[in-house]
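Chemist: Compact mmCIF, C-alpha atoms, file run.txt:
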# COMPACT_ATOMS: atom_id res chain seq x y z
CA MET L 1 71.20 -41.26 25.13
CA THR L 2 73.41 -39.60 27.76
CA LEU L 3 72.80 -40.58 31.37
CA ARG L 4 74.06 -38.17 34.02
CA LEU L 5 73.84 -38.65 37.78
CA LEU L 6 73.91 -35.72 40.20
CA THR L 7 74.46 -37.20 43.63
CA ASN L 8 75.31 -36.20 47.22
CA ILE L 9 73.11 -33.08 46.90
CA GLY L 10 73.13 -31.43 50.32
CA ARG L 11 69.72 -29.76 49.94
CA LEU L 12 67.33 -30.24 47.03
CA TRP L 13 64.36 -27.88 46.53
CA THR L 14 62.15 -29.66 43.99
CA GLY L 15 59.43 -27.05 43.70
CA SER L 16 57.09 -28.87 46.05
CA GLU L 17 59.30 -30.34 48.80
CA ILE L 18 62.81 -30.33 50.23
CA TRP L 19 65.11 -33.34 50.44
CA THR L 20 68.53 -33.65 52.00
CA ASN L 21 71.30 -35.91 50.70
CA ALA L 22 69.44 -36.31 47.40
CA ALA L 23 70.23 -37.45 43.88
CA ILE L 24 68.91 -36.72 40.39
CA LEU L 25 69.26 -39.01 37.37
CA LEU L 26 69.18 -37.17 34.06
CA GLN L 27 68.39 -39.18 30.92
CA GLY L 28 68.91 -37.14 27.78
CA ASP L 29 67.08 -33.84 28.25
CA ARG L 30 64.69 -35.20 30.89
CA ILE L 31 64.74 -36.09 34.56
CA ALA L 32 64.49 -39.87 34.89
CA TRP L 33 64.54 -40.18 38.67
CA VAL L 34 64.85 -38.00 41.76
CA GLY L 35 64.92 -38.87 45.44
CA PRO L 36 67.14 -39.54 48.46
CA SER L 37 70.58 -40.85 47.51
CA ALA L 38 70.02 -43.91 49.68
CA GLU L 39 67.06 -44.88 47.49
CA LEU L 40 68.87 -44.58 44.18
CA PRO L 41 67.80 -47.52 41.97
CA ALA L 42 70.31 -50.37 41.87
CA SER L 43 70.05 -50.50 38.08
CA VAL L 44 69.31 -47.83 35.52
CA PRO L 45 68.32 -48.07 31.83
CA GLY L 46 71.77 -47.71 30.31
CA VAL L 47 75.30 -46.71 31.23
CA VAL L 48 75.80 -43.58 33.36
CA HIS L 49 78.22 -41.45 31.36
CA ASN L 50 78.85 -38.82 34.00
CA ILE L 51 78.56 -38.86 37.80
CA VAL L 52 78.66 -35.46 39.50
CA ASP L 53 79.24 -35.60 43.24
CA VAL L 54 77.67 -32.22 43.85
CA HIS L 55 78.94 -31.75 47.39
CA HIS L 56 82.58 -32.31 46.47
CA VAL L 57 82.70 -30.43 43.18
CA GLU L 58 84.92 -27.37 43.33
CA ASN L 59 82.99 -24.24 44.41
CA LEU L 60 79.98 -26.26 45.59
CA GLY L 61 80.54 -26.24 49.33
CA GLY L 62 76.86 -26.09 50.22
CA ALA L 63 75.18 -27.61 47.22
CA LEU L 64 71.64 -26.25 47.21
CA VAL L 65 69.98 -27.50 44.00
CA THR L 66 66.80 -26.07 42.47
CA PRO L 67 64.92 -26.21 39.18
CA GLY L 68 66.09 -23.77 36.53
CA LEU L 69 64.53 -20.35 37.14
CA ILE L 70 61.90 -18.84 34.82
CA ASP L 71 61.60 -15.14 33.96
CA SER L 72 57.97 -14.67 32.98
CA HIS L 73 58.04 -11.08 31.71
CA THR L 74 60.80 -9.44 29.62
CA HIS L 75 61.21 -6.98 26.72
CA PRO L 76 64.70 -7.85 25.39
CA VAL L 77 64.39 -7.04 21.65
CA TYR L 78 65.51 -3.42 21.40
CA ALA L 79 68.45 -1.22 20.49
CA GLY L 80 69.92 1.80 22.24
CA ASN L 81 69.24 2.95 25.77
CA ARG L 82 67.16 5.51 27.65
CA TRP L 83 69.52 6.30 30.49
CA ALA L 84 69.04 10.08 30.18
CA GLU L 85 65.28 9.56 30.45
CA LEU L 86 65.70 7.39 33.53
CA ALA L 87 67.78 10.13 35.15
CA MET L 88 65.04 12.66 34.36
CA ARG L 89 62.36 10.37 35.80
CA SER L 90 64.33 9.79 38.98
CA GLY L 91 64.55 13.57 39.34
CA GLY L 92 60.78 13.96 39.19
CA SER L 93 60.23 14.79 35.51
CA SER L 94 56.77 13.97 34.19
CA ALA L 95 56.00 11.71 31.25
CA ALA L 96 55.11 14.78 29.20
CA GLU L 97 58.43 16.45 30.02
CA ILE L 98 60.32 13.29 29.09
CA ALA L 99 58.42 12.97 25.81
CA SER L 100 59.08 16.61 24.91
CA ALA L 101 62.79 15.92 25.50
CA GLY L 102 62.66 13.08 22.97
CA GLY L 103 62.23 10.22 25.43
CA GLY L 104 59.57 7.59 25.93
CA ILE L 105 58.83 4.42 24.03
CA ALA L 106 58.82 6.31 20.72
CA SER L 107 62.56 6.91 21.11
CA THR L 108 63.25 3.18 21.46
CA VAL L 109 61.05 2.45 18.43
CA THR L 110 63.01 4.98 16.36
CA ILE L 111 66.41 3.61 17.39
CA THR L 112 65.37 -0.04 17.01
CA ARG L 113 63.94 0.56 13.55
CA GLY L 114 67.17 2.26 12.51
CA THR L 115 69.48 -0.46 13.84
CA ASP L 116 70.85 -3.06 11.44
CA PRO L 117 69.70 -6.65 12.10
CA TRP L 118 73.21 -7.87 12.96
CA THR L 119 73.69 -5.29 15.72
CA LEU L 120 70.20 -5.88 17.07
CA CYS L 121 70.77 -9.64 17.12
CA ASN L 122 74.06 -9.29 18.99
CA GLY L 123 72.42 -7.18 21.68
CA VAL L 124 69.58 -9.64 22.20
CA ARG L 125 72.02 -12.57 22.20
CA ASP L 126 74.09 -10.98 24.97
CA ARG L 127 70.99 -10.38 27.10
CA LEU L 128 69.68 -13.92 26.70
CA ARG L 129 73.09 -15.37 27.51
CA ALA L 130 73.22 -13.27 30.70
CA TRP L 131 69.87 -14.72 31.78
CA LEU L 132 71.09 -18.29 31.40
CA GLN L 133 74.34 -17.54 33.22
CA SER L 134 72.26 -16.26 36.17
CA GLY L 135 70.45 -19.60 36.45
CA THR L 136 67.42 -18.63 34.36
CA THR L 137 66.78 -21.49 31.95
CA THR L 138 63.52 -20.15 30.45
CA VAL L 139 62.79 -16.56 29.41
CA GLU L 140 59.48 -15.15 28.22
CA ALA L 141 60.57 -12.59 25.61
CA LYS L 142 58.28 -9.99 24.06
CA THR L 143 58.56 -8.08 20.82
CA GLY L 144 57.14 -4.56 20.68
CA TYR L 145 59.76 -2.03 19.59
CA HIS L 146 59.38 -2.16 15.83
CA LEU L 147 55.58 -1.80 15.66
CA THR L 148 55.53 -2.71 11.97
CA ARG L 149 54.44 -6.02 10.51
CA ASP L 150 57.80 -6.95 9.04
CA GLY L 151 59.77 -5.70 12.04
CA GLU L 152 57.68 -7.50 14.62
CA LEU L 153 57.71 -10.77 12.67
CA ALA L 154 61.47 -10.48 12.22
CA ASP L 155 61.78 -10.08 16.00
CA VAL L 156 59.84 -13.31 16.57
CA ARG L 157 62.08 -15.16 14.11
CA LEU L 158 65.16 -13.63 15.78
CA LEU L 159 64.11 -14.99 19.17
CA ARG L 160 63.43 -18.44 17.72
CA SER L 161 66.80 -18.55 15.95
CA LEU L 162 68.76 -17.43 19.02
CA GLU L 163 67.11 -20.10 21.15
CA ARG L 164 68.72 -22.74 18.93
CA GLU L 165 72.23 -21.39 19.54
CA PRO L 166 74.51 -22.91 22.21
CA GLY L 167 74.48 -21.15 25.55
CA MET L 168 70.95 -19.78 25.21
CA PRO L 169 67.97 -20.26 27.54
CA ARG L 170 64.66 -21.63 26.35
CA VAL L 171 62.58 -18.80 24.88
CA HIS L 172 58.84 -18.27 25.07
CA ALA L 173 58.22 -15.68 22.33
CA THR L 174 55.35 -13.24 22.87
CA PHE L 175 54.00 -11.07 20.06
CA LEU L 176 53.53 -7.58 21.53
CA ALA L 177 52.84 -5.38 18.52
CA ALA L 178 50.08 -3.89 20.70
CA ASN L 179 52.70 -2.23 22.90
CA ALA L 180 51.91 1.31 21.73
CA VAL L 181 50.45 3.08 18.70
CA PRO L 182 53.36 3.97 16.38
CA PRO L 183 53.75 7.56 15.17
CA GLU L 184 52.71 6.81 11.57
CA TYR L 185 49.28 5.77 12.90
CA PHE L 186 48.73 9.03 14.79
CA GLY L 187 44.99 9.71 14.75
CA ARG L 188 44.27 6.23 13.34
CA ARG L 189 44.26 4.02 16.44
CA ALA L 190 41.51 1.78 15.12
CA ASP L 191 43.47 1.13 11.95
CA TYR L 192 46.51 0.04 13.96
CA VAL L 193 44.47 -2.27 16.19
CA ASP L 194 42.98 -3.86 13.07
CA ALA L 195 46.43 -4.21 11.52
CA VAL L 196 47.89 -5.93 14.59
CA SER L 197 44.94 -8.32 14.64
CA VAL L 198 45.65 -9.29 11.04
CA TRP L 199 49.35 -9.86 11.80
CA CYS L 200 48.61 -12.43 14.53
CA ALA L 201 48.35 -15.40 12.16
CA ASP L 202 51.71 -14.47 10.61
CA ALA L 203 53.23 -14.15 14.09
CA ALA L 204 52.10 -17.68 14.93
CA THR L 205 53.64 -18.96 11.70
CA ALA L 206 56.89 -17.13 12.53
CA GLY L 207 57.09 -19.00 15.83
CA ALA L 208 55.35 -16.87 18.47
CA ASP L 209 53.90 -18.68 21.47
CA SER L 210 51.73 -15.92 22.92
CA ILE L 211 49.92 -12.68 22.14
CA ASP L 212 50.03 -9.71 24.50
CA ALA L 213 48.57 -6.19 24.66
CA TYR L 214 49.50 -3.27 26.91
CA CYS L 215 46.24 -2.26 28.57
CA ASP L 216 46.61 0.97 30.52
CA GLU L 217 45.76 4.65 30.37
CA GLY L 218 47.65 6.11 27.42
CA ARG L 219 48.16 2.69 25.79
CA PHE L 220 45.27 0.43 24.73
CA THR L 221 41.74 0.26 26.10
CA THR L 222 40.11 -2.95 27.25
CA ARG L 223 38.04 -3.02 24.06
CA GLU L 224 41.11 -2.66 21.85
CA ALA L 225 43.08 -5.22 23.87
CA SER L 226 40.19 -7.67 23.75
CA TRP L 227 40.06 -7.41 19.96
CA VAL L 228 43.79 -8.09 19.61
CA LEU L 229 43.83 -10.98 22.08
CA ALA L 230 40.82 -12.60 20.40
CA ALA L 231 42.63 -12.47 17.06
CA GLY L 232 45.75 -13.95 18.64
CA ARG L 233 43.83 -16.76 20.29
CA ALA L 234 42.14 -17.57 16.96
CA ALA L 235 45.64 -17.90 15.47
CA GLY L 236 46.67 -20.36 18.18
CA LEU L 237 48.55 -17.93 20.44
CA LYS L 238 48.20 -17.96 24.23
CA PRO L 239 46.66 -14.65 25.37
CA ARG L 240 48.34 -12.68 28.14
CA LEU L 241 47.82 -9.07 29.16
CA HIS L 242 49.73 -6.12 30.58
CA ALA L 243 47.02 -5.48 33.16
CA CYS L 244 48.02 -2.05 34.43
CA GLY L 245 46.25 0.77 36.20
CA ASP L 246 43.66 0.64 38.93
CA GLY L 247 40.28 -1.04 38.68
CA ARG L 248 38.93 1.76 36.50
CA THR L 249 40.93 0.56 33.51
CA GLY L 250 39.28 -2.86 33.74
CA ALA L 251 42.48 -4.60 32.64
CA ALA L 252 42.62 -7.26 35.36
CA GLN L 253 38.91 -7.95 34.98
CA LEU L 254 39.43 -8.37 31.23
CA ALA L 255 42.26 -10.86 31.78
CA ALA L 256 39.96 -12.89 34.00
CA GLU L 257 37.02 -12.73 31.59
CA LEU L 258 39.16 -13.84 28.65
CA GLY L 259 40.91 -16.57 30.64
CA CYS L 260 44.34 -15.21 29.78
CA ALA L 261 47.40 -17.29 30.57
CA SER L 262 48.65 -14.39 32.67
CA ALA L 263 47.76 -10.93 33.92
CA ASP L 264 51.02 -9.03 34.24
CA LEU L 265 52.20 -6.19 36.51
CA LEU L 266 48.79 -5.53 38.15
CA LEU L 267 50.01 -2.19 39.51
CA GLY L 268 47.07 -0.55 41.20
CA ALA L 269 44.84 -3.64 41.09
CA GLY L 270 42.08 -3.56 43.69
CA HIS L 271 39.99 -5.95 45.75
CA ASP L 272 37.52 -6.70 42.93
CA ASP L 273 40.39 -7.41 40.56
CA VAL L 274 41.85 -9.92 43.00
CA LEU L 275 38.50 -11.65 43.38
CA ALA L 276 38.05 -11.86 39.61
CA LEU L 277 41.48 -13.40 39.12
CA ALA L 278 40.90 -15.83 41.98
CA LYS L 279 37.83 -17.19 40.18
CA SER L 280 39.75 -17.68 36.93
CA ASN L 281 42.76 -19.75 35.92
CA VAL L 282 44.89 -16.67 35.27
CA VAL L 283 48.41 -16.47 36.71
CA ALA L 284 49.48 -13.13 38.17
CA VAL L 285 52.95 -12.20 36.88
CA LEU L 286 54.49 -9.70 39.28
CA CYS L 287 57.61 -7.65 38.58
CA PRO L 288 59.17 -6.36 41.83
CA ALA L 289 61.83 -4.29 40.07
CA THR L 290 59.06 -2.17 38.51
CA VAL L 291 57.85 -0.88 41.88
CA ALA L 292 60.57 1.75 42.18
CA ASP L 293 59.60 3.13 38.77
CA SER L 294 55.85 3.36 39.25
CA ARG L 295 55.64 4.03 43.01
CA ARG L 296 52.74 1.56 42.94
CA GLN L 297 52.69 -2.03 44.11
CA PRO L 298 50.52 -4.96 43.09
CA PRO L 299 48.48 -6.59 45.87
CA ALA L 300 50.86 -9.52 46.15
CA ARG L 301 49.74 -10.77 49.56
CA ALA L 302 46.05 -10.44 48.71
CA LEU L 303 46.61 -12.42 45.50
CA LEU L 304 48.41 -15.21 47.35
CA ASP L 305 45.88 -15.32 50.15
CA SER L 306 43.09 -15.56 47.56
CA GLY L 307 44.74 -18.54 45.88
CA VAL L 308 45.86 -16.75 42.70
CA PRO L 309 49.00 -18.45 41.27
CA ILE L 310 51.98 -16.07 41.27
CA ALA L 311 54.90 -15.89 38.85
CA LEU L 312 57.80 -13.44 38.79
CA GLY L 313 59.30 -11.42 35.96
CA SER L 314 62.13 -8.94 35.67
CA ASP L 315 60.25 -6.59 33.31
CA HIS L 316 63.62 -5.99 31.66
CA SER L 317 63.12 -3.15 29.16
CA PRO L 318 65.05 -0.14 27.86
CA GLY L 319 62.83 2.31 29.73
CA GLY L 320 62.54 0.26 32.91
CA ASN L 321 65.51 -1.78 34.13
CA GLY L 322 68.37 -3.85 32.76
CA ILE L 323 68.04 -6.77 35.19
CA THR L 324 68.79 -10.20 33.73
CA SER L 325 69.16 -11.96 37.09
CA MET L 326 66.16 -13.86 38.42
CA PRO L 327 67.95 -14.46 41.75
CA LEU L 328 67.92 -10.68 42.16
CA ILE L 329 64.21 -10.59 41.28
CA ILE L 330 63.56 -13.26 43.92
CA SER L 331 65.38 -11.11 46.49
CA LEU L 332 63.36 -8.04 45.48
CA ALA L 333 60.08 -9.98 45.71
CA ILE L 334 60.97 -10.93 49.27
CA ALA L 335 61.94 -7.35 50.17
CA ASN L 336 59.31 -5.38 48.21
CA TYR L 337 56.30 -7.68 48.38
CA GLY L 338 56.84 -9.42 51.71
CA LEU L 339 56.91 -12.86 50.09
CA SER L 340 58.55 -15.68 52.01
CA VAL L 341 61.61 -17.29 50.47
CA ALA L 342 59.56 -20.37 49.59
CA GLU L 343 56.81 -18.27 47.99
CA ALA L 344 59.26 -16.24 45.92
CA LEU L 345 61.28 -19.26 44.80
CA ARG L 346 58.11 -21.12 43.87
CA ALA L 347 56.90 -18.09 41.87
CA ALA L 348 60.19 -18.07 39.95
CA THR L 349 59.91 -21.77 39.05
CA VAL L 350 56.55 -23.52 39.38
CA GLY L 351 54.64 -20.25 38.96
CA GLY L 352 56.62 -19.34 35.87
CA ALA L 353 55.81 -22.69 34.27
CA GLN L 354 52.12 -22.10 35.03
CA ALA L 355 52.22 -18.62 33.52
CA LEU L 356 53.76 -19.92 30.31
CA ARG L 357 51.47 -22.97 30.29
CA ALA L 358 54.66 -25.05 30.11
CA ASN L 359 54.06 -28.06 32.35
CA ASP L 360 57.33 -29.69 31.28
CA ARG L 361 59.52 -27.45 33.46
CA GLY L 362 59.63 -25.46 36.69
CA SER L 363 60.11 -28.40 39.06
CA ILE L 364 62.40 -31.36 39.55
CA ALA L 365 60.32 -34.46 38.92
CA PRO L 366 60.47 -37.49 36.60
CA GLY L 367 59.57 -36.57 33.04
CA ARG L 368 60.30 -32.85 33.42
CA LEU L 369 62.98 -31.09 31.43
CA ALA L 370 66.42 -31.53 32.98
CA ASP L 371 66.90 -27.82 33.70
CA VAL L 372 68.75 -27.82 37.01
CA VAL L 373 70.83 -25.26 38.92
CA ALA L 374 73.31 -25.84 41.74
CA TRP L 375 74.11 -22.90 44.03
CA ASP L 376 77.16 -22.44 46.24
CA VAL L 377 75.04 -22.13 49.39
CA ASP L 378 73.50 -24.67 51.75
CA HIS L 379 70.00 -23.19 52.11
CA GLU L 380 67.45 -21.37 49.94
CA GLY L 381 67.31 -18.63 52.57
CA ALA L 382 70.43 -17.24 50.88
CA PHE L 383 68.15 -15.74 48.22
CA ALA L 384 66.87 -13.30 50.88
CA TRP L 385 70.40 -12.32 51.89
CA SER L 386 72.52 -12.34 48.74
CA TYR L 387 70.92 -9.97 46.24
CA GLY L 388 71.76 -11.55 42.91
CA LEU L 389 72.92 -14.98 44.11
CA LYS L 390 75.28 -16.56 41.57
CA PRO L 391 74.84 -20.14 40.33
CA ALA L 392 77.78 -22.52 40.59
CA ARG L 393 76.59 -25.07 38.00
CA ILE L 394 73.76 -25.02 35.44
CA TRP L 395 72.37 -27.88 33.40
CA ARG L 396 69.99 -27.05 30.53
CA GLY L 397 68.29 -30.06 29.04
CA GLY L 398 70.73 -32.31 30.89
CA GLU L 399 73.79 -30.65 29.40
CA PRO L 400 76.16 -28.52 31.51
CA VAL L 401 76.24 -24.83 30.63
CA SER L 402 79.75 -23.43 30.32
CA GLY L 403 80.55 -20.24 32.16
Taking this structure as input, can you express it in the form of structure tokens?

Modeler:
Amino acid sequence: MTLRLLTNIGRLWTGSEIWTNAAILLQGDRIAWVGPSAELPASVPGVVHNIVDVHHVENLGGALVTPGLIDSHTHPVYAGNRWAELAMRSGGSSAAEIASAGGGIASTVTITRGTDPWTLCNGVRDRLRAWLQSGTTTVEAKTGYHLTRDGELADVRLLRSLEREPGMPRVHATFLAANAVPPEYFGRRADYVDAVSVWCADAATAGADSIDAYCDEGRFTTREASWVLAAGRAAGLKPRLHACGDGRTGAAQLAAELGCASADLLLGAGHDDVLALAKSNVVAVLCPATVADSRRQPPARALLDSGVPIALGSDHSPGGNGITSMPLIISLAIANYGLSVAEALRAATVGGAQALRANDRGSIAPGRLADVVAWDVDHEGAFAWSYGLKPARIWRGGEPVSG
């Protein structure tokens, strides 16, 4: 088993505390020891194969080290683009005007269904690789642009297969067939909800980790979402929910009642929604890049002050944004939500692990996965200044990631 020592770390942010002049001992794909360099054990279980003096490695003048970042909300399995639609939206066009011009989610579904598997796979591969190169070692990735049984299951299998390739981040696959009602089910919403519920067991077999539903006006009601999430949970999938709209939609309240792993977006959530989430074990996944699109903001400060765990996501999607950089999302959370650097960085690491119910990552501690990132800065405050901070070195499972 490979032993790797990262030493002379100028500033180490572990997820819970900060150490200076620190060291990390990686044993295989796990962290074996972490602490001040002066307290490094005199003997270790085996021969250290590689010693990395972080401070003196080329391009690591400052040597801030953090856990690998976690993107807790993405939609990367799609083909084509909706740039013309985004231009219309920025110019004030309504959703109805965009739909009449051939835009909207239906356009992505049509293009994705008509794209050959090889081309689709290459596009998803490039996106996942970009996440890892930005210092994001775990990505929650949703399906949702085929909206057929075979297409959605193929998307889950695609994500699982790509995760096994070199140069890919860890993938948490979420089954989001309840993203929208496809055109062939026009006038038969109940039939589609029933169909998605039946597909959940197959999605779990294909390798999905979670089940999600888009609960908002114009998408799925709380009753429909509850039905789908119950079926997913029965199949062994972790329930999470696109909890959109104000309190009248009841989405955030539903996430709390069901004990979902996460309630995502929370645009328009009110005081009662915050209280409900605070009484549950639900993590609020906030996506600061989505604010410019919706002109609404989630109650980030109220959630934090109420003790609700916060995670961050890019909400990468063809109709939203193309961001694959969690450092940029951290910067936007600081600017758009008023989070402190420590709060935003914690949300992108520890909070992400909580949202995915993955207690083996998100912090630098013995026994955790050896997902570690070194940045060419000397303080985490750089995340508030450098929008899209670039990593200098990345280790995924103890192995260095090539640039």

Chemist: Please determine, counting all atoms listed in the file, which residue among L:Val124, L:Leu266, L:Ala374, L:Val283 has the shortest atom-to-atom distance to Thr249 of chain L.

Modeler: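 Of L:Val124, L:Leu266, L:Ala374, L:Val283, the one nearest Thr249 of chain L, counting all atoms listed in the file, is L:Leu266.
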
Chemist: Using all atoms listed in the file, list the residues that have an atom at most 8 Å from (58.1, -16.2, 41.9), coordinates as in the file, as a ChimeraX atom specification.

Modeler: /L:286,310-313,330,333,343-352

Chemist: What separation in Å, quoted to one decimal, exists between atom CA of Arg233 of chain L and atom CA of Ala208 of chain L?

Modeler: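 Atom CA of Ala208 of chain L lies at a distance of 11.7 Å from atom CA of Arg233 of chain L.
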
Chemist: Between L:Thr66, L:Ala278, L:Pro391, L:Ser402, which has the minimum distance to Ala342 of chain L (counting all atoms listed in the file)?

Modeler: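 Going through L:Thr66, L:Ala278, L:Pro391, L:Ser402 one by one, the smallest distance to Ala342 of chain L is for L:Thr66.
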
Chemist: Grab the atom CA of Thr290 of chain L to atom CA of Ala130 of chain L distance for me, in Å with one decimal place.

Modeler: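 If I compute the distance from atom CA of Thr290 of chain L to atom CA of Ala130 of chain L, I get 19.6 Å.
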
Chemist: Using all atoms listed in the file, find the one residue out of L:Ser16, L:Ser314, L:Ser107, L:Ser72 that sits nearest to His172 of chain L.

Modeler: L:Ser72

Chemist: Kindly give the distance, in Å, that separates atom CA of Gly92 of chain L and atom CA of Thr221 of chain L, rounded to a single decimal.

Modeler: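 Interatomic distance here is 26.9 Å.
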
Chemist: Nearest to Leu332 of chain L among L:Val377, L:Val372, L:Leu389, L:Ala173, with distances taken over only C-alpha atoms: which residue is it?

Modeler: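 Distance minimum relative to Leu332 of chain L lands on L:Leu389.
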
Chemist: How about completing segment 314-333 of chain L with N, CA and C atoms and giving it to me as an mmCIF file, in the coordinates of the input?

Modeler:
data_model
loop_
_atom_site.group_PDB
_atom_site.id
_atom_site.type_symbol
_atom_site.label_atom_id
_atom_site.label_comp_id
_atom_site.auth_asym_id
_atom_site.auth_seq_id
_atom_site.Cartn_x
_atom_site.Cartn_y
_atom_site.Cartn_z
ATOM 1 N N SER L 314 61.221 -10.072 35.471
ATOM 2 C CA SER L 314 62.130 -8.940 35.670
ATOM 3 C C SER L 314 61.567 -7.643 35.099
ATOM 4 N N ASP L 315 60.702 -7.757 34.072
ATOM 5 C CA ASP L 315 60.250 -6.590 33.310
ATOM 6 C C ASP L 315 61.432 -5.840 32.714
ATOM 7 N N HIS L 316 62.468 -6.589 32.335
ATOM 8 C CA HIS L 316 63.620 -5.990 31.660
ATOM 9 C C HIS L 316 63.133 -5.232 30.429
ATOM 10 N N SER L 317 63.505 -3.967 30.319
ATOM 11 C CA SER L 317 63.120 -3.150 29.160
ATOM 12 C C SER L 317 64.020 -1.923 29.108
ATOM 13 N N PRO L 318 64.148 -1.290 27.958
ATOM 14 C CA PRO L 318 65.050 -0.140 27.860
ATOM 15 C C PRO L 318 64.611 1.044 28.703
ATOM 16 N N GLY L 319 63.314 1.184 28.936
ATOM 17 C CA GLY L 319 62.830 2.310 29.730
ATOM 18 C C GLY L 319 62.544 1.951 31.169
ATOM 19 N N GLY L 320 62.835 0.708 31.554
ATOM 20 C CA GLY L 320 62.540 0.260 32.910
ATOM 21 C C GLY L 320 63.783 -0.114 33.681
ATOM 22 N N ASN L 321 64.301 -1.337 33.446
ATOM 23 C CA ASN L 321 65.510 -1.780 34.130
ATOM 24 C C ASN L 321 66.262 -2.764 33.242
ATOM 25 N N GLY L 322 67.535 -2.952 33.546
ATOM 26 C CA GLY L 322 68.370 -3.850 32.760
ATOM 27 C C GLY L 322 68.650 -5.165 33.454
ATOM 28 N N ILE L 323 67.794 -5.566 34.397
ATOM 29 C CA ILE L 323 68.040 -6.770 35.190
ATOM 30 C C ILE L 323 67.869 -8.024 34.327
ATOM 31 N N THR L 324 68.864 -8.885 34.375
ATOM 32 C CA THR L 324 68.790 -10.200 33.730
ATOM 33 C C THR L 324 69.060 -11.308 34.739
ATOM 34 N N SER L 325 68.890 -11.008 36.008
ATOM 35 C CA SER L 325 69.160 -11.960 37.090
ATOM 36 C C SER L 325 67.871 -12.270 37.836
ATOM 37 N N MET L 326 67.335 -13.479 37.658
ATOM 38 C CA MET L 326 66.160 -13.860 38.420
ATOM 39 C C MET L 326 66.458 -14.053 39.915
ATOM 40 N N PRO L 327 67.671 -14.461 40.312
ATOM 41 C CA PRO L 327 67.950 -14.460 41.750
ATOM 42 C C PRO L 327 67.766 -13.079 42.376
ATOM 43 N N LEU L 328 68.139 -12.025 41.650
ATOM 44 C CA LEU L 328 67.920 -10.680 42.160
ATOM 45 C C LEU L 328 66.424 -10.369 42.248
ATOM 46 N N ILE L 329 65.658 -10.807 41.259
ATOM 47 C CA ILE L 329 64.210 -10.590 41.280
ATOM 48 C C ILE L 329 63.572 -11.330 42.464
ATOM 49 N N ILE L 330 64.054 -12.526 42.758
ATOM 50 C CA ILE L 330 63.560 -13.260 43.920
ATOM 51 C C ILE L 330 63.821 -12.464 45.195
ATOM 52 N N SER L 331 65.036 -11.916 45.317
ATOM 53 C CA SER L 331 65.380 -11.110 46.490
ATOM 54 C C SER L 331 64.476 -9.892 46.603
ATOM 55 N N LEU L 332 64.209 -9.233 45.475
ATOM 56 C CA LEU L 332 63.360 -8.040 45.480
ATOM 57 C C LEU L 332 61.909 -8.389 45.817
ATOM 58 N N ALA L 333 61.441 -9.552 45.383
ATOM 59 C CA ALA L 333 60.080 -9.980 45.710
ATOM 60 C C ALA L 333 59.936 -10.197 47.209
#
